[in-house]
Amino acid sequence: MKLHFLHQITHLTMHIFTKVKNGETLQDIARKCNTTVEQLCKLNHISKNAKLKPGQILKYN
């Protein structure tokens with residue numbers, strides 16, 4: 001029973017979030033957050049052409 005519980009804990013994912021600033025692009029955010037545009041798109045279910053809005057919250061990891 002304890003081993004099963006520990007196994008579940010190892011599969012939890014912690015995401016970190018960032019708030020989009022005015023004029024920021026996915027490339028800017030990827031560079032700032034040390035990730036890739038592809039990873040940002042995947043985590044946030046958006047396309048590379050997504051129009052970002054100031055104040056929008058994006059996950060990165």
# chains A, B, ... in the order shown; residues from 1 in each chain; ligands from 1
call {"tool": "residues_around", "arguments": {"residues": "range 34-50 of chain A", "least_positions_apart": "3", "cutoff": "12 Å", "atoms": "only C-alpha atoms", "output": "list in words"}}
result
Thr13, Met14, His15, Ile16, Phe17, Thr18, Glu24, Thr25, Leu26, Gln27, Asp28, Ile29, Ala30, Arg31, Lys53, Gln56, Ile57, Leu58, Lys59, Tyr60 and Asn61 of chain A
call {"tool": "select_by_dssp", "arguments": {"residues": "chain A", "states": "strand (DSSP E)", "output": "PyMOL selection string"}}
result
chain A and resi 16-19+57-60
call {"tool": "select_by_dssp", "arguments": {"residues": "chain A", "states": "alpha helix (DSSP H)", "output": "MDAnalysis selection string"}}
result
chainID A and resid 2:10 26:32 37:44
